[in-house]
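For reference, entry_12.csv is printed below; it contains CSV, C-alpha atoms.
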```csv
chain,number,residue,atom,x,y,z
A,1,MET,CA,99.2,91.4,84.4
A,2,GLU,CA,99.8,88.2,82.5
A,3,LYS,CA,100.5,85.1,84.7
A,4,ILE,CA,103.2,82.9,83.5
A,5,ALA,CA,104.5,79.5,84.8
A,6,MET,CA,108.2,79.1,84.1
A,7,LEU,CA,109.5,75.5,84.3
A,8,GLY,CA,113.2,75.1,84.7
A,9,GLY,CA,116.1,76.5,86.8
A,10,GLY,CA,118.8,76.8,84.1
A,11,SER,CA,120.3,79.8,82.4
A,12,TRP,CA,117.6,80.1,79.7
A,13,ALA,CA,114.8,79.9,82.3
A,14,THR,CA,116.6,82.5,84.3
A,15,ALA,CA,117.0,84.8,81.4
A,16,LEU,CA,113.4,84.4,80.3
A,17,THR,CA,112.2,85.0,83.8
A,18,LYS,CA,114.2,88.2,83.9
A,19,ILE,CA,112.7,89.5,80.6
A,20,LEU,CA,109.1,88.6,81.4
A,21,SER,CA,109.0,89.8,85.0
A,22,GLU,CA,110.8,93.1,84.2
A,23,ASN,CA,108.2,93.6,81.4
A,24,GLY,CA,105.4,93.4,84.0
A,25,SER,CA,104.3,89.8,84.0
A,26,ARG,CA,103.8,87.7,87.1
A,27,VAL,CA,106.1,84.6,86.9
A,28,ASP,CA,105.5,81.6,89.0
A,29,TRP,CA,108.9,79.9,88.7
A,30,TRP,CA,109.2,76.2,89.2
A,31,LEU,CA,112.6,74.8,90.2
A,32,ARG,CA,113.3,71.2,91.3
A,33,SER,CA,115.7,72.1,94.1
A,34,LYS,CA,114.4,73.4,97.4
A,35,ASP,CA,117.8,74.9,98.2
A,36,ASP,CA,117.7,76.9,95.0
A,37,VAL,CA,114.2,78.2,95.8
A,38,GLN,CA,115.3,79.1,99.3
A,39,HIS,CA,118.4,80.9,98.0
A,40,LEU,CA,116.2,82.9,95.5
A,41,LEU,CA,113.8,83.9,98.3
A,42,ARG,CA,116.7,85.0,100.5
A,43,THR,CA,119.0,86.7,98.0
A,44,ARG,CA,116.8,87.3,94.8
A,45,HIS,CA,119.5,85.6,92.7
A,46,ASN,CA,119.7,82.2,91.0
A,47,ARG,CA,122.9,80.9,92.6
A,48,ARG,CA,123.7,78.4,89.8
A,49,TYR,CA,123.0,80.4,86.7
A,50,LEU,CA,123.3,84.0,85.8
A,51,PRO,CA,123.9,85.0,89.4
A,52,ALA,CA,124.3,88.7,88.6
A,53,VAL,CA,120.5,88.9,87.7
A,54,GLN,CA,118.4,90.2,90.6
A,55,PHE,CA,114.7,89.5,90.7
A,56,ASP,CA,111.8,91.4,92.0
A,57,LEU,CA,110.0,89.0,94.3
A,58,ASN,CA,106.8,91.0,94.0
A,59,ARG,CA,106.6,89.6,90.4
A,60,VAL,CA,108.7,86.4,90.6
A,61,TYR,CA,107.5,83.6,92.9
A,62,PRO,CA,109.9,80.6,93.1
A,63,SER,CA,108.5,77.3,94.1
A,64,THR,CA,109.0,73.5,94.0
A,65,ASP,CA,105.3,72.9,93.8
A,66,LEU,CA,104.6,72.1,90.1
A,67,GLU,CA,100.8,72.0,90.3
A,68,ASP,CA,100.7,75.3,92.3
A,69,ALA,CA,103.0,77.0,89.9
A,70,ILE,CA,100.9,76.3,86.8
A,71,GLU,CA,97.4,76.4,88.4
A,72,ASP,CA,96.5,80.0,87.7
A,73,ALA,CA,98.9,80.5,84.8
A,74,ASP,CA,97.8,81.9,81.4
A,75,TRP,CA,101.0,80.7,79.8
A,76,LEU,CA,103.3,77.8,80.5
A,77,VAL,CA,106.9,78.2,79.4
A,78,LEU,CA,109.0,75.0,79.2
A,79,ALA,CA,112.7,75.6,79.8
A,80,VAL,CA,113.9,72.3,81.3
A,81,PRO,CA,116.3,70.1,79.4
A,82,ALA,CA,114.5,68.0,76.9
A,83,ALA,CA,115.5,64.8,78.7
A,84,PHE,CA,113.5,65.9,81.8
A,85,VAL,CA,110.4,67.1,80.0
A,86,GLN,CA,108.5,63.8,80.2
A,87,PRO,CA,109.4,63.0,83.8
A,88,VAL,CA,108.3,66.5,84.9
A,89,LEU,CA,105.1,66.8,82.9
A,90,ASP,CA,104.0,63.2,83.5
A,91,LYS,CA,103.4,64.3,87.1
A,92,LEU,CA,100.5,66.4,85.9
A,93,GLY,CA,97.0,65.3,85.1
A,94,ARG,CA,96.0,65.1,81.5
A,95,ASP,CA,93.6,68.0,81.9
A,96,ALA,CA,96.2,70.2,83.7
A,97,LEU,CA,97.0,72.3,80.6
A,98,LYS,CA,93.6,72.2,79.0
A,99,HIS,CA,93.0,76.0,78.8
A,100,LYS,CA,96.6,77.1,78.8
A,101,ARG,CA,99.0,78.3,76.1
A,102,VAL,CA,102.3,76.4,76.1
A,103,VAL,CA,105.5,77.9,74.7
A,104,SER,CA,108.6,75.7,74.5
A,105,ALA,CA,112.0,77.3,75.0
A,106,ILE,CA,113.7,73.9,74.7
A,107,LYS,CA,116.2,73.2,71.9
A,108,GLY,CA,116.0,69.5,72.0
A,109,MET,CA,113.8,66.4,71.5
A,110,ILE,CA,112.2,63.9,73.8
A,111,PRO,CA,114.7,61.1,74.2
A,112,GLY,CA,113.5,57.6,73.3
A,113,LYS,CA,110.4,59.0,71.6
A,114,ASN,CA,112.4,61.0,69.1
A,115,GLN,CA,109.6,63.6,69.3
A,116,LEU,CA,109.5,67.3,69.2
A,117,VAL,CA,108.6,68.8,72.6
A,118,THR,CA,105.5,70.5,71.2
A,119,ASP,CA,104.4,67.3,69.6
A,120,TYR,CA,104.8,65.5,72.9
A,121,VAL,CA,102.9,68.2,74.8
A,122,ALA,CA,100.0,68.2,72.3
A,123,GLU,CA,99.8,64.4,72.5
A,124,ARG,CA,100.1,64.1,76.3
A,125,PHE,CA,97.6,66.8,77.1
A,126,LYS,CA,95.3,66.6,74.1
A,127,LEU,CA,96.1,70.2,73.1
A,128,SER,CA,95.5,71.9,69.8
A,129,ARG,CA,98.5,73.1,67.9
A,130,HIS,CA,97.0,76.5,68.1
A,131,GLN,CA,97.8,76.4,71.8
A,132,LEU,CA,101.5,75.9,71.2
A,133,GLY,CA,104.5,78.0,70.5
A,134,VAL,CA,108.3,77.8,70.4
A,135,ILE,CA,111.0,80.4,71.2
A,136,ALA,CA,113.9,80.6,68.7
A,137,GLY,CA,117.0,82.7,68.8
A,138,PRO,CA,119.6,83.8,67.9
A,139,CYS,CA,119.8,84.6,71.6
A,140,HIS,CA,122.2,83.5,74.4
A,141,ALA,CA,121.0,83.7,78.0
A,142,GLU,CA,124.3,85.2,79.1
A,143,GLU,CA,123.8,88.2,76.7
A,144,VAL,CA,120.3,88.7,78.0
A,145,ALA,CA,121.7,88.9,81.5
A,146,LEU,CA,124.1,91.6,80.2
A,147,GLU,CA,121.1,93.3,78.4
A,148,LYS,CA,122.9,93.1,75.0
A,149,GLN,CA,120.7,93.6,72.0
A,150,SER,CA,119.0,90.3,71.2
A,151,TYR,CA,116.4,89.0,68.8
A,152,LEU,CA,113.8,86.3,69.2
A,153,THR,CA,111.3,84.6,66.9
A,154,ILE,CA,108.1,83.1,68.4
A,155,GLY,CA,106.8,80.4,66.2
A,156,SER,CA,103.2,79.2,66.3
A,157,PRO,CA,100.5,78.1,63.8
A,158,ASP,CA,98.3,80.6,65.7
A,159,ALA,CA,99.5,84.1,64.6
A,160,GLU,CA,97.7,85.8,67.5
A,161,LEU,CA,99.4,83.6,70.1
A,162,ALA,CA,102.8,84.3,68.5
A,163,GLU,CA,102.2,88.1,68.5
A,164,GLU,CA,100.9,88.1,72.0
A,165,PHE,CA,103.9,86.3,73.4
A,166,CYS,CA,106.2,88.6,71.3
A,167,GLU,CA,104.6,91.5,73.1
A,168,LEU,CA,105.4,90.0,76.5
A,169,MET,CA,109.0,89.6,75.5
A,170,ARG,CA,109.8,93.0,73.8
A,171,ASN,CA,111.8,95.6,75.6
A,172,ARG,CA,114.6,98.0,74.9
A,173,TYR,CA,117.2,95.2,74.3
A,174,VAL,CA,114.9,92.3,73.1
A,175,ARG,CA,113.2,92.4,69.7
A,176,ALA,CA,110.7,89.6,69.0
A,177,HIS,CA,109.0,88.7,65.8
A,178,PRO,CA,106.2,86.1,65.1
A,179,ALA,CA,106.3,83.3,62.6
A,180,THR,CA,104.0,80.4,61.7
A,181,ASP,CA,106.5,77.7,61.0
A,182,LEU,CA,106.4,75.8,64.3
A,183,ASP,CA,107.9,72.5,63.2
A,184,GLY,CA,110.6,74.0,61.0
A,185,ILE,CA,111.8,76.4,63.7
A,186,GLU,CA,111.8,73.6,66.3
A,187,TYR,CA,113.6,71.1,64.2
A,188,CYS,CA,116.2,73.7,63.2
A,189,ALA,CA,116.7,74.6,66.8
A,190,VAL,CA,117.4,70.9,67.5
A,191,MET,CA,119.8,70.5,64.6
A,192,LYS,CA,121.8,73.7,65.1
A,193,ASN,CA,123.0,72.1,68.4
A,194,ILE,CA,124.2,69.1,66.5
A,195,ILE,CA,126.2,71.3,64.1
A,196,ALA,CA,127.7,73.4,66.9
A,197,LEU,CA,128.7,70.3,68.8
A,198,THR,CA,130.3,68.9,65.6
A,199,GLY,CA,132.1,72.2,65.1
A,200,GLY,CA,133.4,72.0,68.6
A,201,ILE,CA,134.7,68.5,68.1
A,202,ALA,CA,136.5,69.7,64.9
A,203,HIS,CA,138.0,72.6,66.8
A,204,GLY,CA,139.1,70.3,69.6
A,205,VAL,CA,140.8,68.0,67.1
A,206,GLY,CA,142.7,71.0,65.6
A,207,TYR,CA,140.6,72.3,62.7
A,208,GLY,CA,140.3,76.0,62.3
A,209,ASP,CA,137.9,78.7,61.2
A,210,ASN,CA,138.2,77.8,57.5
A,211,PHE,CA,136.8,74.3,58.2
A,212,LEU,CA,134.1,75.6,60.5
A,213,ALA,CA,132.8,78.0,57.8
A,214,VAL,CA,132.6,75.1,55.4
A,215,LEU,CA,130.9,72.9,58.0
A,216,VAL,CA,128.3,75.5,58.7
A,217,SER,CA,127.5,76.2,55.1
A,218,ASN,CA,127.1,72.5,54.5
A,219,ALA,CA,125.0,72.3,57.6
A,220,VAL,CA,122.5,74.7,56.1
A,221,GLN,CA,122.1,72.3,53.1
A,222,GLU,CA,121.8,69.3,55.5
A,223,ILE,CA,119.1,71.0,57.5
A,224,ARG,CA,117.2,72.0,54.3
A,225,ARG,CA,117.3,68.4,53.0
A,226,PHE,CA,116.0,67.1,56.3
A,227,LEU,CA,113.2,69.6,56.6
A,228,GLN,CA,112.1,69.0,53.0
A,229,VAL,CA,111.4,65.4,54.0
A,230,ILE,CA,110.1,65.6,57.5
A,231,SER,CA,108.2,68.9,57.3
A,232,PRO,CA,107.9,70.1,53.7
A,233,GLN,CA,106.7,73.7,53.2
A,234,PRO,CA,108.2,76.9,51.8
A,235,ARG,CA,110.6,78.5,54.2
A,236,ASP,CA,113.5,80.9,54.0
A,237,LEU,CA,116.4,79.3,55.9
A,238,SER,CA,118.4,82.5,55.7
A,239,ALA,CA,116.0,84.1,58.3
A,240,SER,CA,117.4,84.7,61.8
A,241,ALA,CA,115.2,82.0,63.4
A,242,TYR,CA,117.1,79.4,61.3
A,243,LEU,CA,120.5,80.7,60.0
A,244,GLY,CA,120.9,83.2,62.8
A,245,ASP,CA,120.3,80.7,65.5
A,246,LEU,CA,122.7,78.3,63.8
A,247,LEU,CA,125.5,80.9,63.5
A,248,VAL,CA,125.4,82.1,67.1
A,249,THR,CA,125.4,78.5,68.4
A,250,ALA,CA,128.2,77.4,66.1
A,251,TYR,CA,130.5,80.4,66.8
A,252,SER,CA,129.7,81.9,70.2
A,253,GLN,CA,131.9,81.6,73.3
A,254,PHE,CA,128.6,81.0,75.2
A,255,SER,CA,127.6,78.0,73.2
A,256,ARG,CA,127.5,75.0,75.5
A,257,ASN,CA,127.1,72.6,72.6
A,258,ARG,CA,130.3,73.9,71.0
A,259,THR,CA,132.1,73.8,74.4
A,260,PHE,CA,130.9,70.2,74.9
A,261,GLY,CA,132.1,69.2,71.4
A,262,GLY,CA,135.4,70.9,72.0
A,263,MET,CA,136.0,68.8,75.1
A,264,VAL,CA,135.1,65.6,73.3
A,265,GLY,CA,137.4,66.5,70.5
A,266,ARG,CA,140.2,67.1,73.0
A,267,GLY,CA,139.7,63.6,74.4
A,268,TYR,CA,137.1,63.9,77.2
A,269,THR,CA,134.6,61.1,77.5
A,270,VAL,CA,131.0,62.2,77.2
A,271,LYS,CA,130.4,61.6,80.9
A,272,SER,CA,133.5,63.6,82.0
A,273,ALA,CA,132.6,66.5,79.7
A,274,GLN,CA,129.0,66.6,81.1
A,275,LEU,CA,130.2,66.5,84.7
A,276,GLU,CA,132.8,69.3,84.1
A,277,MET,CA,130.3,71.6,82.3
A,278,ASN,CA,127.5,71.2,84.9
A,279,MET,CA,125.1,72.0,82.0
A,280,VAL,CA,123.1,70.0,79.6
A,281,ALA,CA,124.3,70.1,76.0
A,282,GLU,CA,121.1,69.3,74.1
A,283,GLY,CA,123.0,68.4,71.0
A,284,TYR,CA,124.2,65.1,72.6
A,285,TYR,CA,120.7,63.8,72.9
A,286,ALA,CA,119.5,65.4,69.7
A,287,VAL,CA,122.1,63.5,67.6
A,288,LYS,CA,120.6,60.2,68.6
A,289,SER,CA,117.0,61.3,68.0
A,290,ILE,CA,117.7,62.7,64.5
A,291,HIS,CA,119.8,59.7,63.7
A,292,GLU,CA,116.9,57.4,64.6
A,293,LEU,CA,114.4,59.4,62.7
A,294,ASN,CA,116.7,59.4,59.6
A,295,LYS,CA,116.9,55.6,59.6
A,296,LYS,CA,113.5,55.7,57.8
A,297,MET,CA,113.9,58.9,55.8
A,298,LYS,CA,117.5,58.1,54.6
A,299,VAL,CA,118.4,61.8,54.0
A,300,ASN,CA,122.0,62.5,53.2
A,301,MET,CA,123.2,63.9,56.6
A,302,PRO,CA,127.0,63.5,56.9
A,303,ILE,CA,127.5,66.0,59.7
A,304,THR,CA,124.8,64.4,61.9
A,305,GLU,CA,126.2,60.9,61.2
A,306,ALA,CA,129.7,62.0,62.0
A,307,ALA,CA,128.6,63.3,65.4
A,308,TYR,CA,126.6,60.1,66.0
A,309,ASN,CA,129.6,57.9,65.2
A,310,ILE,CA,131.8,59.8,67.6
A,311,LEU,CA,129.3,60.1,70.5
A,312,TYR,CA,127.5,56.8,70.3
A,313,GLU,CA,129.7,54.5,68.3
A,314,ARG,CA,132.9,55.8,70.0
A,315,ILE,CA,134.8,56.3,66.8
A,316,SER,CA,137.9,58.4,67.3
A,317,PRO,CA,137.1,62.1,66.7
A,318,ALA,CA,140.2,62.6,64.7
A,319,VAL,CA,139.4,59.6,62.4
A,320,GLU,CA,135.7,60.7,62.0
A,321,MET,CA,136.7,64.3,61.1
A,322,GLU,CA,139.1,63.0,58.5
A,323,LEU,CA,136.2,61.1,56.9
A,324,LEU,CA,133.8,64.0,57.2
A,325,LYS,CA,136.1,66.5,55.5
A,326,GLU,CA,136.1,64.4,52.4
A,327,LYS,CA,132.2,64.7,52.2
A,328,LEU,CA,132.0,68.5,52.5
A,329,ARG,CA,132.2,70.9,49.6
```
Written as structure tokens, that's how I'd like the structure from this file.
Amino acid sequence: MEKIAMLGGGSWATALTKILSENGSRVDWWLRSKDDVQHLLRTRHNRRYLPAVQFDLNRVYPSTDLEDAIEDADWLVLAVPAAFVQPVLDKLGRDALKHKRVVSAIKGMIPGKNQLVTDYVAERFKLSRHQLGVIAGPCHAEEVALEKQSYLTIGSPDAELAEEFCELMRNRYVRAHPATDLDGIEYCAVMKNIIALTGGIAHGVGYGDNFLAVLVSNAVQEIRRFLQVISPQPRDLSASAYLGDLLVTAYSQFSRNRTFGGMVGRGYTVKSAQLEMNMVAEGYYAVKSIHELNKKMKVNMPITEAAYNILYERISPAVEMELLKEKLR
């Protein structure tokens, strides 16, 4: 039995815990809230996210003790919002992850540092990149809960690590495939949230499916330009880990980034949208990180800049969308 420490109490952490535990792994599940842990122990459900999922407490061990949760783990899966990664992991000693393999399920960057989660983990704990992996979609937690057919890509420079984690994830409704492009997959996962958020803003302002299709096709080119500068290597962006993840996030009813953008487009402030959703839209933080990185690289990124202007410069969504539509082809 593989021992896995799951960090995070949201919908994606809940879905991954369901898959891993039902496949036979032991999951020590760290959550911040004592009330959430007690509720799980009493009812076998996560009361906040995917409450229909029932857990076997002979395989799932909820806890608020971070060090205890990771102590005996073979794998550490990070599924907390990117903004909370540093505050959580900085509680650990620098040797705490020395002999562990770490897989990030986070679709965001470390705010302030403008750093990929795997880069931060490698730097903070002095880990080899061959100890690191990342989970990519296209895959929504809500569909995992419903056991809808889903696909995952596990990216890691270590092909053996990627395949081993794929094996832990595969079941009758989840197919998982390994890949070696850690940085490309992780950056694409960050940027697809920006695109979905911008698409949501456009929808909130009143644009339709025709515009969204053009936005997404231009987004693929924008992502390609960015990756060619920040992480140049041959990669097929039509693969599901890239294009598939972008499409499901841009179009799905379950996309929190599209929902968040839609609220902003309809006139919500950022704070009021965040409070009403009760979920973290990673794209909000990612926009600022990518914008900051691009100050030096100067890649042509009109969609990212439009989102930044709306969210951080407080330009009217209607005005910014008018400007953006002239830049798309």
Using all atoms listed in the file, which protein or nucleic acid residues come within 10 Å of segment 253-258 of chain A? Drop anything in the same chain fewer than 3 positions from it, and give the result as an mmCIF file with C-alpha atoms, in the coordinates of the input.
```
data_model
loop_
_atom_site.group_PDB
_atom_site.id
_atom_site.type_symbol
_atom_site.label_atom_id
_atom_site.label_comp_id
_atom_site.auth_asym_id
_atom_site.auth_seq_id
_atom_site.Cartn_x
_atom_site.Cartn_y
_atom_site.Cartn_z
ATOM 1 C CA HIS A 140 122.200 83.500 74.400
ATOM 2 C CA ALA A 141 121.000 83.700 78.000
ATOM 3 C CA GLU A 142 124.300 85.200 79.100
ATOM 4 C CA GLU A 143 123.800 88.200 76.700
ATOM 5 C CA LYS A 192 121.800 73.700 65.100
ATOM 6 C CA ASN A 193 123.000 72.100 68.400
ATOM 7 C CA ILE A 194 124.200 69.100 66.500
ATOM 8 C CA ILE A 195 126.200 71.300 64.100
ATOM 9 C CA ALA A 196 127.700 73.400 66.900
ATOM 10 C CA LEU A 197 128.700 70.300 68.800
ATOM 11 C CA THR A 198 130.300 68.900 65.600
ATOM 12 C CA GLY A 199 132.100 72.200 65.100
ATOM 13 C CA GLY A 200 133.400 72.000 68.600
ATOM 14 C CA ILE A 201 134.700 68.500 68.100
ATOM 15 C CA ALA A 202 136.500 69.700 64.900
ATOM 16 C CA HIS A 203 138.000 72.600 66.800
ATOM 17 C CA GLY A 204 139.100 70.300 69.600
ATOM 18 C CA VAL A 248 125.400 82.100 67.100
ATOM 19 C CA THR A 249 125.400 78.500 68.400
ATOM 20 C CA ALA A 250 128.200 77.400 66.100
ATOM 21 C CA GLY A 261 132.100 69.200 71.400
ATOM 22 C CA GLY A 262 135.400 70.900 72.000
ATOM 23 C CA MET A 263 136.000 68.800 75.100
ATOM 24 C CA VAL A 264 135.100 65.600 73.300
ATOM 25 C CA MET A 277 130.300 71.600 82.300
ATOM 26 C CA MET A 279 125.100 72.000 82.000
ATOM 27 C CA VAL A 280 123.100 70.000 79.600
ATOM 28 C CA ALA A 281 124.300 70.100 76.000
ATOM 29 C CA GLU A 282 121.100 69.300 74.100
ATOM 30 C CA GLY A 283 123.000 68.400 71.000
ATOM 31 C CA TYR A 284 124.200 65.100 72.600
#
```
Interatomic distance (Å, one decimal) between atom CA of Ala189 of chain A and atom CA of Lys107 of chain A: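 Separation of atom CA of Ala189 of chain A and atom CA of Lys107 of chain A: 5.3 Å.
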Measuring between all atoms listed in the file, which one of A:Pro234, A:Gly10, A:Gly267, A:Gly108 shows the shortest distance to Gly206 of chain A? A:Gly267
Could you please determine the separation between atom CA of Trp29 of chain A and atom CA of Gln131 of chain A in Å, to one decimal place?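 Separation between atom CA of Trp29 of chain A and atom CA of Gln131 of chain A: 20.5 Å.
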Residues at most 9 Å from segment 151-160 of chain A, counting only C-alpha atoms, excluding those fewer than 6 positions away in the same chain, as an NGL selection string? :A and (103 or 129-139 or 166 or 169 or 173-183 or 185-186 or 240-241)
Could you check which of A:Phe211, A:Ser231, A:Asn294, A:Val190 is closest to Leu324 of chain A, using all atoms listed in the file?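 That would be A:Phe211, the residue with the smallest distance to Leu324 of chain A.
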Nearest to Leu237 of chain A, chosen from A:Ala52, A:Ala219, A:Ala96, A:Ala83, with all atoms listed in the file counted in the distances: A:Ala219
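Proximity to Ala286 of chain A was assessed for A:Pro232, A:Gly24, A:Gly93, A:Gly112 counting only C-alpha atoms; the smallest distance is recorded for A:Gly112.
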Please identify all polymer residues lying at most 12 Å from the point (112.8, 59.2, 57.1) (file coordinates), using all atoms listed in the file, and present the result as a VMD selection string. chain A and resid 225 to 231 289 to 301
Keeping C-alpha atoms for every residue in the selection just given, could you write it to a file as a PDB file, in the coordinates of the input?
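As written to disk, part.pdb reads:
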```pdb
ATOM      1  CA  ARG A 225     117.300  68.400  53.000  1.00  0.00           C
ATOM      2  CA  PHE A 226     116.000  67.100  56.300  1.00  0.00           C
ATOM      3  CA  LEU A 227     113.200  69.600  56.600  1.00  0.00           C
ATOM      4  CA  GLN A 228     112.100  69.000  53.000  1.00  0.00           C
ATOM      5  CA  VAL A 229     111.400  65.400  54.000  1.00  0.00           C
ATOM      6  CA  ILE A 230     110.100  65.600  57.500  1.00  0.00           C
ATOM      7  CA  SER A 231     108.200  68.900  57.300  1.00  0.00           C
ATOM      8  CA  SER A 289     117.000  61.300  68.000  1.00  0.00           C
ATOM      9  CA  ILE A 290     117.700  62.700  64.500  1.00  0.00           C
ATOM     10  CA  HIS A 291     119.800  59.700  63.700  1.00  0.00           C
ATOM     11  CA  GLU A 292     116.900  57.400  64.600  1.00  0.00           C
ATOM     12  CA  LEU A 293     114.400  59.400  62.700  1.00  0.00           C
ATOM     13  CA  ASN A 294     116.700  59.400  59.600  1.00  0.00           C
ATOM     14  CA  LYS A 295     116.900  55.600  59.600  1.00  0.00           C
ATOM     15  CA  LYS A 296     113.500  55.700  57.800  1.00  0.00           C
ATOM     16  CA  MET A 297     113.900  58.900  55.800  1.00  0.00           C
ATOM     17  CA  LYS A 298     117.500  58.100  54.600  1.00  0.00           C
ATOM     18  CA  VAL A 299     118.400  61.800  54.000  1.00  0.00           C
ATOM     19  CA  ASN A 300     122.000  62.500  53.200  1.00  0.00           C
ATOM     20  CA  MET A 301     123.200  63.900  56.600  1.00  0.00           C
TER      21      MET A 301
END
```
Shortest interatomic distance to Lys113 of chain A - which of A:Leu89, A:Ala82, A:Ile70, A:Ala273, counting all atoms listed in the file: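 Answer, going by the shortest atom-to-atom distance: A:Ala82.
Of note, atom CA of Gln233 of chain A and atom CA of Ser104 of chain A are spaced 21.5 Å apart.
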Using all atoms listed in the file, which of A:Leu247, A:Ala79, A:Ala13, A:Ile110 sits nearest Leu50 of chain A?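 The closest residue to Leu50 of chain A is A:Ala13.
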Please check which residues have atoms at most 12 Å from (107.2, 71.6, 87.8) in the file's coordinates, counting all atoms listed in the file, and write them as a count of residues only. 36
Reconstructed segment 184-202 of chain A, atom set N, CA and C atoms, as a CSV table (one decimal), in the coordinates of the input:
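Okay, part-v9.csv is ready:
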```csv
chain,number,residue,atom,x,y,z
A,184,GLY,N,109.3,73.7,61.6
A,184,GLY,CA,110.6,74.0,61.0
A,184,GLY,C,111.5,74.7,62.0
A,185,ILE,N,111.0,75.7,62.7
A,185,ILE,CA,111.8,76.4,63.7
A,185,ILE,C,112.3,75.4,64.8
A,186,GLU,N,111.4,74.5,65.2
A,186,GLU,CA,111.8,73.6,66.3
A,186,GLU,C,112.8,72.6,65.9
A,187,TYR,N,112.6,72.0,64.7
A,187,TYR,CA,113.6,71.1,64.2
A,187,TYR,C,115.0,71.8,64.0
A,188,CYS,N,114.9,73.0,63.4
A,188,CYS,CA,116.2,73.7,63.2
A,188,CYS,C,116.9,74.0,64.5
A,189,ALA,N,116.1,74.4,65.5
A,189,ALA,CA,116.7,74.6,66.8
A,189,ALA,C,117.4,73.4,67.4
A,190,VAL,N,116.8,72.2,67.1
A,190,VAL,CA,117.4,70.9,67.5
A,190,VAL,C,118.7,70.7,66.7
A,191,MET,N,118.7,70.9,65.4
A,191,MET,CA,119.8,70.5,64.6
A,191,MET,C,121.0,71.5,64.7
A,192,LYS,N,120.7,72.7,65.0
A,192,LYS,CA,121.8,73.7,65.1
A,192,LYS,C,122.7,73.3,66.3
A,193,ASN,N,122.1,72.6,67.3
A,193,ASN,CA,123.0,72.1,68.4
A,193,ASN,C,123.9,71.0,68.0
A,194,ILE,N,123.4,70.2,67.1
A,194,ILE,CA,124.2,69.1,66.5
A,194,ILE,C,125.4,69.7,65.7
A,195,ILE,N,125.1,70.7,64.9
A,195,ILE,CA,126.2,71.3,64.1
A,195,ILE,C,127.2,72.0,65.0
A,196,ALA,N,126.7,72.7,66.0
A,196,ALA,CA,127.7,73.4,66.9
A,196,ALA,C,128.5,72.4,67.7
A,197,LEU,N,127.9,71.3,68.1
A,197,LEU,CA,128.7,70.3,68.8
A,197,LEU,C,129.8,69.7,67.9
A,198,THR,N,129.4,69.4,66.6
A,198,THR,CA,130.3,68.9,65.6
A,198,THR,C,131.5,69.9,65.4
A,199,GLY,N,131.1,71.1,65.3
A,199,GLY,CA,132.1,72.2,65.1
A,199,GLY,C,133.0,72.2,66.3
A,200,GLY,N,132.5,72.1,67.5
A,200,GLY,CA,133.4,72.0,68.6
A,200,GLY,C,134.3,70.8,68.6
A,201,ILE,N,133.8,69.7,68.2
A,201,ILE,CA,134.7,68.5,68.1
A,201,ILE,C,135.8,68.8,67.1
A,202,ALA,N,135.5,69.4,65.9
A,202,ALA,CA,136.5,69.7,64.9
A,202,ALA,C,137.6,70.7,65.5
```
